[in-house]
Structure formats: C-alpha cells, structure tokens
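J.: Structure provided below as structure tokens; questions to follow.
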Number of protein chains: 2
Amino acid sequence: MSTLPTDIRVDGQPAGVQGWPLDRGLHYGDGLFETMVVRGGRVRFAALHRARLALGLARLRISLDEDAAWGEVSAVAAQHAGALLKLLVTRGDAAERGYAPTGTERPRRVLLVYPAAAVAAPQAADAAVVSLGLRLGENPLLAGIKHTNRLEQVLARIELAATGAFEGIMANNSGLLVSGTLGNVFVRLDEQWLTPRLDRCGIAGVMRAVLLREAARDGLAMREADIAFAALSRCQSLCISNVRLGLLPVASLDGRALARDPALDALARKVERLDD
Amino acid sequence: MSTLPTDIRVDGQPAGVQGWPLDRGLHYGDGLFETMVVRGGRVRFAALHRARLALGLARLRISLDEDAAWGEVSAVAAQHAGALLKLLVTRGDAAERGYAPTGTERPRRVLLVYPAAAVAAPQAADAAVVSLGLRLGENPLLAGIKHTNRLEQVLARIELAATGAFEGIMANNSGLLVSGTLGNVFVRLDEQWLTPRLDRCGIAGVMRAVLLREAARDGLAMREADIAFAALSRCQSLCISNVRLGLLPVASLDGRALARDPALDALARKVERLDD
C-alpha cells in the first residue's frame with residue numbers, strides 16, 4: 001500500500017500529488033550541490049567537482065545519472081565566457097512517506113546559472129574576519145561532502161551579518177577550527193601553514209584541494225591538522241579559500257591585523273591561472 | 001545588484017527563474033515541519049504543535065503568517081475523521097545567492113494530507129529495536145526543533161533497514177542517548193523512567209511532552225536526564241513515542257527481550273484518549 005499523500009496544498013492552493021512538493025530535498029535536505037566557476041566556456045577544476053559529488057552520492061546512496069548531469073554542465077558552461085554554476089541534486093520525489101528512501105526514487109537535478117559578476121571577489125584589504133560563537137555539529141558520514149543540510153551555515157551567516165565582517169570562522173563541538181561560512185581556512189601558526197582536517201565536519205573545498213596539491217608540488221610546507229580554535233588568537237596569517245574567491249588573504253581577525261605571507265600570495269597567483 | 005540566477009534548468013529542461021528551483025528549503029534544508037494526527041476532524045495536541053513550530057520559526061528567524069497556516073490546518077483537518085497531516089514550511093525562494101537570508105523572503109508552506117491508514121501503528125509485540133552506530137551531531141541552536149536538515153535520520157533509516165528492526169536508537173557524539181529515528185525514547189533504568197534531555201540534539205516530540213505532563217499529573221516518576229548510551233545494555237524496559245505511535249512499548253532491544261511496565265501501559269492508554 002502506498003503511503004504517499006492523497007492531497008497537497010501549497011500556500012493554500014490545491015496542488016497535484018507529485019513533483020516539487022514531494023521532493024526529498026525539500027523535506028529533508030536530502031541532496032547535494034556543487035558551486036562552480038566557468039572561465040572561457042569551461043568549468044574550472046571540473047574533475048575535482050565531479051569527484052566530490054560522486055563521493056557525496058555514494059555516501060547518501062543517491063543514484064544520479066552522473067554522465068547526463070556533467071554533460072549538461074559542460075554544455076551550459078560552453079555558452080558562457082564567465083559565470084557561476086550551481087548544480088543541485090536531490091534524491092527526487094518521495095516514493096513513500098518517511099525518512100527511509102526506497103531506492104526507487106529518481107534524482108532531480110537543478111542547474112542554476114549566475115552572471116559572472118556574482119563571481120567577483122572582494123579586495124583582500126577589506127576582508128575582515130571574525131570568529132563566530134556557533135559550533136558545528138560533528139558527523140563523519142556527512143563530513144567533507146557538500147550536502148544540502150546547511151542550516152548551520154544559514155545561522156552562522158545570520159550571526160555574521162550582525163558583525164559587518166566579510167567572513168566568520170567556526171569551531172566544531174570539540175573546540176577545533178573547521179572553516180568559514182563560505183570557504184575553507186588556512187592559518188599560519190608557529191611558522192607553519194595549516195588547514196583543518198575535515199573528517200568530522202566541514203566541506204572539503206575544491207579550491208582547498210587545489211591549494212594543498214600545488215603547495216606540495218612547489219615544496220611549500222602546508223598540511224592538514226587538528227587546530228585548536230583557541231590557537232587562532234596567536235595566528236600570524238589567515239586565508240579563506242573557495243573556487244569563487246580563490247585564496248583570499250585576510251586583513252584582520254577579530255580586529256587584530258594579520259600579516260600577509262609572500263609565499264601564499266605567490267601560491268594564490270599561481271592557482272588563479274590554473275583551470276584543472 | 002541582484003545575485004539571483006539568470007537561467008535555471010531542471011532535469012535538463014529550461015525553467016523559469018522563480019519558484020521551486022529557488023526555494024531555500026531545497027537548497028539548504030532551510031525550513032521546519034510538523035507531523036500531526038487528525039481525529040474526529042481535529043488535530044490532536046494542536047497547541048503543542050503550534051508552540052513547537054513557533055519556537056523553530058523564532059530560532060531560524062522565519063516570518064511565517066502563523067495564523068494563516070494554522071487556519072488552513074484546522075480547515076483541512078475538519079474535512080477528515082482520521083488522517084495524518086504534514087505541514088512543511090520553508091523560508092521561501094532565495095532573495096539573493098548564498099546562505100545568508102535577507103529577511104525579505106516570503107515563506108512557503110506545503111500541507112500534505114495522508115490517509116488514516118498511514119497512521120496505523122505496529123503491534124508492540126513486533127517492535128524489535130536495535131541500537132545504531134550512527135552518532136548524531138550536536139548543535140543547541142538546532143536541538144529540539146523540527147527542522148528540515150534530516151540527513152542524519154535518512155542515513156539512520158538506511159542503517160536500520162539492513163537490520164529488519166522496527167526502529168533504531170541513537171547516541172550523540174558525546175555518547176549520550178538521544179532518540180529513535182522517528183520517535184523519542186523512554187527507558188526504565190535502575191527502577192526509574194527516564195527520557196533523554198534534548199538540549200544538544202534530537203527533536204522534542206509533542207507526544208513526549210504529553211507523556212511527561214501526564215506522568216507528572218498522575219504522580220508517575222518520569223524525568224529528563226543525561227543517559228549514557230552504554231547504559232541501555234541494562235535497561236529493563238524501553239518505549240518509543242510520537243504522535244502517530246503514541247507510547248509504544250518495545251519488545252526487544254538488540255535481541256534482548258524487555259519487560260513491560262503496567263504503569264506505562266496505563267499511561268499509554270490514558271494518553272491515547274487525550275486530544276489536547
């Protein structure tokens with residue numbers, strides 16, 4: 001016996017018992033996304049985006065036709081010199097009532113195209129960053145992947161908005177540094193460049209992966225570590241990264257001016273030239 | 001300047017740059033829900049559902065027209081002798097790109113009506129329960145409310161499905177008992193009835209509130225506590241509660257037969273007769 005609804009109303013109006021109102025992404029945040037930069041008709045770092053999405057699909061056991069999705073992404077990218085693309089994938093409409101997927105759901109994909117102006121990054125000199133009070137919950141099953149359970153980020157942005165700062169950085173419940181609200185973080189601490197391990201929470205950013213790879217290639221010491229949030233008070237430099245911002249040096253943290261590291265500036269310039 | 005997309009495609013087809021594909025519930029799980037039982041044309045425990053939704057709206061700063069939403073719920077309930085209703089509220093379509101709400105979003109509400117048969121509860125004798133390996137992340141800002149970031153429950157149900165048990169119970173990252181995948185939990189431990197505190201994670205169920213209230217009225221000792229997940233191995237009895245199941249005694253936990261407590265059976269019968 002089906003346990004699907006017999007009637008659905010949206011904003012007071014009768015709606016069919018199918019489609020969007022049944023989407024599990026809407027009901028449970030049961031989905032994944034990728035935010036990608038298009039340059040010269042191509043998605044930058046497409047292979048890394050594809051790999052991260054594949055990891056998320058495997059973790060959540062969502063059976064997307066990945067070739068069809070990436071074929072569409074490539075075709076849309078080819079129409080744009082510059083743009084920001086967001087690929088959103090949900091498990092699709094519920095096949096039964098309740099949290100349990102049946103395995104028969106047909107994933108839904110939404111591709112959103114944003115104008116190139118949305119890709120513009122702020123100037124580093126303006127990049128004041130604050131530490132936020134919100135602590136991120138930890139779940140290794142959800143760590144690293146870019147799933148659509150993002151209320152913590154929504155609440156973090158609300159906390160951040162009250163400060164006027166460009167970005168806020170957060171700890172997890174264990175008191176370890178995780179990331180910013182919209183990017184990963186690199187900190188210079190005791191003469192070393194470190195970035196948080198993301199095995200308990202946080203999103204494993206594509207730009208973060210590129211930076212770690214290129215730093216290794218260039219012999220620049222930069223490694224993943226467990227970093228106490230409290231240690232930020234003595235960090236010398238801090239950078240935020242995502243595919244939209246690249247590697248952005250932060251001017252100040254909680255009002256304390258930070259130094260810039262010429263080696264990181266050079267890495268940022270190198271990465272800005274790369275597309276793969 | 002607007003940062004909304006200029007083009008959206010859904011499953012490969014061009015779609016308008018408005019409506020569902022922009023819903024923040026879909027993108028971030030930025031929403032809340034209530035699952036309610038209708039009996040005799042009325043929502044049981046409507047005031048408690050309304051209070052919990054109001055708490056969630058305040059926490060997430062979603063400005064829903066609550067009177068309109070509950071007016072619709074009442075009107076739809078009045079058309080049914082028995083049914084299950086799900087009210088889903090999202091922050092509405094994104095007003096700008098990104099996690100930060102602008103405060104100008106117009107919430108969207110979806111009301112789903114399920115047939116009364118969906119309300120039917122399993123027999124207690126069949127209610128085998130297992131403890132799950134998945135640990136719930138902790139965030140006091142999200143604890144207690146019924147928000148739509150429910151990937152942990154989806155993954156828990158996938159873990160549960162492999163066991164064949166009716167329900168699975170979970171700990172948080174601190175090793176404390178939280179709840180089942182679809183209901184709250186009451187355990188008899190060292191001759192006391194306890195239910196987990198829900199200040200770090202978990203949903204504060206309406207039926208749980210009713211049970212605590214009625215137990216207090218009847219002089220039945222039952223209280224909230226921090227309960228070590230490991231202590232379950234020596235619990236004497238265990239019950240699962242939600243508005244659909246009422247208070248369901250569990251027959252076995254991880255294969256170990258549990259006792260039934262006549263006092264709890266009496267409480268379950270009393271609560272089954274209540275509608276407020």
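Here's how to read the names in the structure tokens: chain A, B, ... by the order shown, residue numbers from 1 in each chain, ligand numbers from 1 in the order shown.
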Mind checking which residues fall within 7 Å of A:Ala94, counting only C-alpha atoms, ignoring those fewer than 6 positions away in the same chain, and posting them as an MDAnalysis selection string?
T.: chainID A and resid 22:24 105
J.: Give me a file of those residues, with all heavy atoms, as an mmCIF file, in the first residue's frame.
T.:
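This went into selection.cif:
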data_model
loop_
_atom_site.group_PDB
_atom_site.id
_atom_site.type_symbol
_atom_site.label_atom_id
_atom_site.label_comp_id
_atom_site.auth_asym_id
_atom_site.auth_seq_id
_atom_site.Cartn_x
_atom_site.Cartn_y
_atom_site.Cartn_z
ATOM 1 N N LEU A 22 6.772 17.023 -3.192
ATOM 2 C CA LEU A 22 7.185 15.726 -2.649
ATOM 3 C C LEU A 22 8.701 15.559 -2.647
ATOM 4 O O LEU A 22 9.201 14.528 -2.218
ATOM 5 C CB LEU A 22 6.574 14.590 -3.490
ATOM 6 C CG LEU A 22 5.097 14.305 -3.278
ATOM 7 C CD1 LEU A 22 4.657 13.170 -4.212
ATOM 8 C CD2 LEU A 22 4.833 13.910 -1.834
ATOM 9 N N ASP A 23 9.433 16.549 -3.117
ATOM 10 C CA ASP A 23 10.882 16.392 -3.256
ATOM 11 C C ASP A 23 11.546 16.192 -1.894
ATOM 12 O O ASP A 23 11.329 16.960 -0.956
ATOM 13 C CB ASP A 23 11.485 17.603 -3.965
ATOM 14 C CG ASP A 23 12.909 17.329 -4.411
ATOM 15 O OD1 ASP A 23 13.815 17.318 -3.545
ATOM 16 O OD2 ASP A 23 13.108 17.105 -5.613
ATOM 17 N N ARG A 24 12.345 15.144 -1.796
ATOM 18 C CA ARG A 24 13.008 14.850 -0.526
ATOM 19 C C ARG A 24 14.082 15.882 -0.177
ATOM 20 O O ARG A 24 14.457 16.009 0.998
ATOM 21 C CB ARG A 24 13.605 13.435 -0.560
ATOM 22 C CG ARG A 24 12.523 12.339 -0.522
ATOM 23 C CD ARG A 24 13.157 10.959 -0.638
ATOM 24 N NE ARG A 24 14.151 10.763 0.386
ATOM 25 C CZ ARG A 24 13.963 10.055 1.521
ATOM 26 N NH1 ARG A 24 12.803 9.459 1.733
ATOM 27 N NH2 ARG A 24 14.918 9.929 2.398
ATOM 28 N N GLU A 105 13.649 6.058 -5.895
ATOM 29 C CA GLU A 105 13.488 7.479 -6.206
ATOM 30 C C GLU A 105 14.317 7.846 -7.452
ATOM 31 O O GLU A 105 15.397 7.283 -7.662
ATOM 32 C CB GLU A 105 13.948 8.356 -5.027
ATOM 33 C CG GLU A 105 13.126 8.176 -3.764
ATOM 34 C CD GLU A 105 13.583 6.991 -2.907
ATOM 35 O OE1 GLU A 105 14.602 6.343 -3.269
ATOM 36 O OE2 GLU A 105 12.927 6.711 -1.899
#
J.: Return as an MDAnalysis selection string the residues belonging to chain B that are within 7 Å of chain A, counting only C-alpha atoms.
T.: chainID B and resid 3:12 20:21 25:30 72 99:100 108:115 118 135:139 148:151 153:154 157:158
J.: To one decimal place in Å, what is the distance between atom CA of B:Ala128 and atom CA of B:Gly164?
T.: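 Atom-to-atom, atom CA of B:Ala128 and atom CA of B:Gly164 are spaced 8.7 Å apart.
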J.: Could you jot down the atom CA of A:Ala58 to atom CA of A:Ala171 separation for me, Å, one decimal place?
T.: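 Atom-to-atom, atom CA of A:Ala58 and atom CA of A:Ala171 are spaced 26.8 Å apart.
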J.: Residues near A:Gly41, anyone? I mean within 10 Å using only C-alpha atoms, not counting same-chain ones fewer than 2 positions away, as a PyMOL selection string.
T.: chain A and resi 37-39+43-44+74-83
J.: Write out as an mmCIF file with all heavy atoms, in the first residue's frame the residues lying within 10 Å of B:Gly255, counting only C-alpha atoms and excluding same-chain residues fewer than 4 positions away.
T.:
data_model
loop_
_atom_site.group_PDB
_atom_site.id
_atom_site.type_symbol
_atom_site.label_atom_id
_atom_site.label_comp_id
_atom_site.auth_asym_id
_atom_site.auth_seq_id
_atom_site.Cartn_x
_atom_site.Cartn_y
_atom_site.Cartn_z
ATOM 1 N N ALA B 128 10.681 -4.759 17.553
ATOM 2 C CA ALA B 128 12.095 -5.015 17.857
ATOM 3 C C ALA B 128 12.882 -3.743 17.554
ATOM 4 O O ALA B 128 12.681 -3.109 16.516
ATOM 5 C CB ALA B 128 12.618 -6.167 17.025
ATOM 6 N N VAL B 129 13.751 -3.380 18.449
ATOM 7 C CA VAL B 129 14.535 -2.161 18.309
ATOM 8 C C VAL B 129 16.015 -2.513 18.414
ATOM 9 O O VAL B 129 16.386 -3.422 19.156
ATOM 10 C CB VAL B 129 14.114 -1.137 19.393
ATOM 11 C CG1 VAL B 129 15.102 0.009 19.496
ATOM 12 C CG2 VAL B 129 12.708 -0.616 19.093
ATOM 13 N N VAL B 130 16.814 -1.803 17.637
ATOM 14 C CA VAL B 130 18.264 -2.019 17.707
ATOM 15 C C VAL B 130 18.960 -0.687 17.984
ATOM 16 O O VAL B 130 18.407 0.384 17.703
ATOM 17 C CB VAL B 130 18.821 -2.619 16.387
ATOM 18 C CG1 VAL B 130 18.273 -4.028 16.158
ATOM 19 C CG2 VAL B 130 18.500 -1.708 15.207
ATOM 20 N N ALA B 165 14.838 -4.418 11.858
ATOM 21 C CA ALA B 165 14.142 -3.998 13.080
ATOM 22 C C ALA B 165 13.158 -2.875 12.761
ATOM 23 O O ALA B 165 13.248 -2.211 11.732
ATOM 24 C CB ALA B 165 15.143 -3.560 14.139
ATOM 25 N N ALA B 251 9.505 -4.540 22.367
ATOM 26 C CA ALA B 251 9.578 -5.947 22.759
ATOM 27 C C ALA B 251 11.009 -6.388 23.042
ATOM 28 O O ALA B 251 11.256 -7.172 23.957
ATOM 29 C CB ALA B 251 8.968 -6.812 21.654
#
